[in-house]
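A.B. asks: Submitted below is the structure of interest, expressed as structure tokens.
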Amino acid sequence: MLVLDATTKSITTKLGAVHTTNPVTFVYAYADQVDSTETFTEGGDVAQSNGTTSQVVIPAPAASTQRTVKDVMIYNSDTISHAVTLYYTVSGTDYPFYKETLAAGAWTYPLRDGVFEGSAAAAAEMVLS
């Protein structure tokens, strides 16, 4: 499970190479909880890569809010393979926690219901910081 508990924490990505035709797509779901309440607000969104430049995939929560990331799905809609790395970013510093090379047209589901899954190859490369 990934928890973003400050406005300085987010999930970002970088590709190993620029995309040639289409960006890599990220679909995610989360639950936000405002401090001192027991109410969760669920949400989700889509983000796309922009090549080898750092790109925010899951933005930081609002002040006094904890964002629990529940699901992340990655789809390579490009015509070439891509090495996709996800980072837990804190105050602008990237900490890699997931890396996988996706063939053109392939997808992976590295985080499902708060549990890391992904492929066996991805699990072997996973680094928890």
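Identifiers in this document derive from the order of the structure tokens: chains are assigned A, B, ..., residues are numbered from 1 separately in each chain, and ligands are numbered from 1 in order of occurrence.
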Please provide the set of residues having any atom within 8 Å of stretch 103-108 of chain A, restricted to only C-alpha atoms, with same-chain residues fewer than 3 positions apart removed, written as JSON, numbers by chain.
C.D. replies: {"A": [73, 74, 75, 76, 77, 78, 79, 80, 81, 82, 118, 119]}
A.B. asks: Enumerate the residues of chain A with a DSSP assignment of strand (DSSP E), computed from the backbone, and present them as JSON, numbers by chain.
C.D. replies: {"A": [2, 3, 4, 9, 10, 11, 12, 13, 14, 15, 24, 25, 26, 27, 28, 29, 30, 31, 32, 33, 34, 40, 41, 42, 43, 44, 45, 46, 47, 48, 55, 56, 57, 58, 65, 66, 67, 68, 69, 70, 71, 72, 73, 74, 75, 76, 82, 83, 84, 85, 86, 87, 88, 89, 90, 93, 94, 95, 96, 97, 98, 99, 100, 101, 102, 107, 108, 109, 110, 111, 112, 115, 116]}
A.B. asks: Could you write out the selected residues, including C-alpha atoms, as a compact mmCIF listing (two decimals), in the first residue's frame?
C.D. replies:
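Just written: out_19.txt:
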```
# COMPACT_ATOMS: atom_id res chain seq x y z
CA LEU A 2 1.19 3.51 -0.76
CA VAL A 3 0.21 6.43 1.46
CA LEU A 4 0.77 10.05 0.49
CA LYS A 9 4.59 13.56 -1.53
CA SER A 10 3.48 12.21 -4.91
CA ILE A 11 4.03 9.31 -7.30
CA THR A 12 6.00 10.15 -10.44
CA THR A 13 7.34 8.25 -13.43
CA LYS A 14 10.11 8.39 -16.00
CA LEU A 15 10.47 6.25 -19.09
CA VAL A 24 2.29 5.34 -21.74
CA THR A 25 -1.01 5.57 -19.84
CA PHE A 26 -1.45 5.28 -16.07
CA VAL A 27 -4.86 4.65 -14.50
CA TYR A 28 -5.12 4.90 -10.73
CA ALA A 29 -7.59 4.84 -7.86
CA TYR A 30 -7.21 6.27 -4.37
CA ALA A 31 -9.04 7.12 -1.17
CA ASP A 32 -8.53 10.45 0.60
CA GLN A 33 -9.09 10.90 4.32
CA VAL A 34 -9.09 14.34 5.91
CA PHE A 40 -12.99 8.49 2.98
CA THR A 41 -13.53 10.09 -0.42
CA GLU A 42 -12.63 7.78 -3.28
CA GLY A 43 -11.36 8.99 -6.60
CA GLY A 44 -9.29 8.10 -9.60
CA ASP A 45 -7.81 9.56 -12.73
CA VAL A 46 -5.62 8.97 -15.75
CA ALA A 47 -2.12 10.30 -16.40
CA GLN A 48 0.22 9.97 -19.38
CA GLN A 55 5.98 13.28 -14.76
CA VAL A 56 3.51 13.28 -11.86
CA VAL A 57 1.28 10.20 -12.07
CA ILE A 58 -0.55 10.55 -8.74
CA THR A 65 -5.30 14.89 3.91
CA GLN A 66 -3.91 11.38 3.56
CA ARG A 67 -4.17 9.75 0.12
CA THR A 68 -4.11 5.95 0.11
CA VAL A 69 -3.28 4.64 -3.36
CA LYS A 70 -5.40 1.56 -4.02
CA ASP A 71 -4.80 0.64 -7.67
CA VAL A 72 -2.34 1.47 -10.43
CA MET A 73 -2.58 0.10 -13.99
CA ILE A 74 0.00 0.91 -16.67
CA TYR A 75 -0.64 0.48 -20.41
CA ASN A 76 2.01 0.90 -23.10
CA HIS A 82 9.34 1.02 -22.58
CA ALA A 83 11.16 0.65 -19.28
CA VAL A 84 8.70 2.26 -16.87
CA THR A 85 9.89 3.30 -13.40
CA LEU A 86 7.59 4.55 -10.65
CA TYR A 87 8.98 6.79 -7.91
CA TYR A 88 7.76 7.78 -4.47
CA THR A 89 8.65 11.47 -4.65
CA VAL A 90 9.20 13.42 -1.42
CA THR A 93 13.57 13.67 -4.36
CA ASP A 94 12.69 10.49 -6.29
CA TYR A 95 12.80 7.08 -4.57
CA PRO A 96 12.28 4.24 -7.09
CA PHE A 97 9.97 1.46 -5.95
CA TYR A 98 8.80 -0.26 -9.15
CA LYS A 99 10.34 -0.91 -12.56
CA GLU A 100 9.18 -3.01 -15.47
CA THR A 101 9.79 -3.13 -19.21
CA LEU A 102 6.50 -3.23 -21.09
CA TRP A 107 -0.11 -3.63 -19.64
CA THR A 108 0.68 -4.36 -16.03
CA TYR A 109 -1.22 -3.96 -12.79
CA PRO A 110 1.54 -3.34 -10.22
CA LEU A 111 -0.78 -2.26 -7.39
CA ARG A 112 -4.19 -3.86 -6.92
CA VAL A 115 -1.12 -4.98 -2.76
CA PHE A 116 1.85 -5.00 -5.12
```
A.B. asks: Give me, as a ChimeraX atom specification, the residues of stretch 15-129 of chain A that a backbone DSSP run labels alpha helix (DSSP H).
C.D. replies: /A:120-125
A.B. asks: Atoms to include: N, CA, C and O atoms. Write the selected residues as an mmCIF file, in the first residue's frame.
C.D. replies:
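Below is the file selection23.cif, written as the result:
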```cif
data_model
loop_
_atom_site.group_PDB
_atom_site.id
_atom_site.type_symbol
_atom_site.label_atom_id
_atom_site.label_comp_id
_atom_site.auth_asym_id
_atom_site.auth_seq_id
_atom_site.Cartn_x
_atom_site.Cartn_y
_atom_site.Cartn_z
ATOM 1 N N ALA A 120 6.355 -11.424 -12.466
ATOM 2 C CA ALA A 120 7.458 -12.005 -11.698
ATOM 3 C C ALA A 120 8.733 -11.218 -11.942
ATOM 4 O O ALA A 120 9.511 -10.978 -11.030
ATOM 5 N N ALA A 121 8.940 -10.787 -13.181
ATOM 6 C CA ALA A 121 10.131 -10.006 -13.505
ATOM 7 C C ALA A 121 10.109 -8.670 -12.754
ATOM 8 O O ALA A 121 11.120 -8.218 -12.228
ATOM 9 N N ALA A 122 8.927 -8.059 -12.705
ATOM 10 C CA ALA A 122 8.815 -6.784 -11.997
ATOM 11 C C ALA A 122 9.045 -6.964 -10.511
ATOM 12 O O ALA A 122 9.691 -6.148 -9.869
ATOM 13 N N ALA A 123 8.542 -8.043 -9.958
ATOM 14 C CA ALA A 123 8.730 -8.293 -8.525
ATOM 15 C C ALA A 123 10.208 -8.469 -8.205
ATOM 16 O O ALA A 123 10.678 -8.023 -7.164
ATOM 17 N N ALA A 124 10.953 -9.075 -9.112
ATOM 18 C CA ALA A 124 12.385 -9.277 -8.894
ATOM 19 C C ALA A 124 13.139 -7.953 -8.919
ATOM 20 O O ALA A 124 14.166 -7.809 -8.273
ATOM 21 N N GLU A 125 12.619 -6.957 -9.684
ATOM 22 C CA GLU A 125 13.290 -5.671 -9.802
ATOM 23 C C GLU A 125 12.798 -4.641 -8.796
ATOM 24 O O GLU A 125 13.367 -3.563 -8.678
#
```
A.B. asks: What is the atom CA of A:Ser49-atom CA of A:Thr8 distance in Å, reported with one decimal?
C.D. replies: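 Atom CA of A:Thr8 lies 20.4 Å from atom CA of A:Ser49.
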A.B. asks: With only C-alpha atoms as the basis for distance, which of A:Ala17, A:Ser36, A:Asn22, A:Ala63 is at the shortest distance from A:Gly51?
C.D. replies: A:Ala17
A.B. asks: Please indicate the distance in Å from atom CA of A:Pro23 to atom CA of A:Asn50, rounded to one decimal place.
C.D. replies: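 Pair atom CA of A:Pro23 / atom CA of A:Asn50 returns 6.5 Å.
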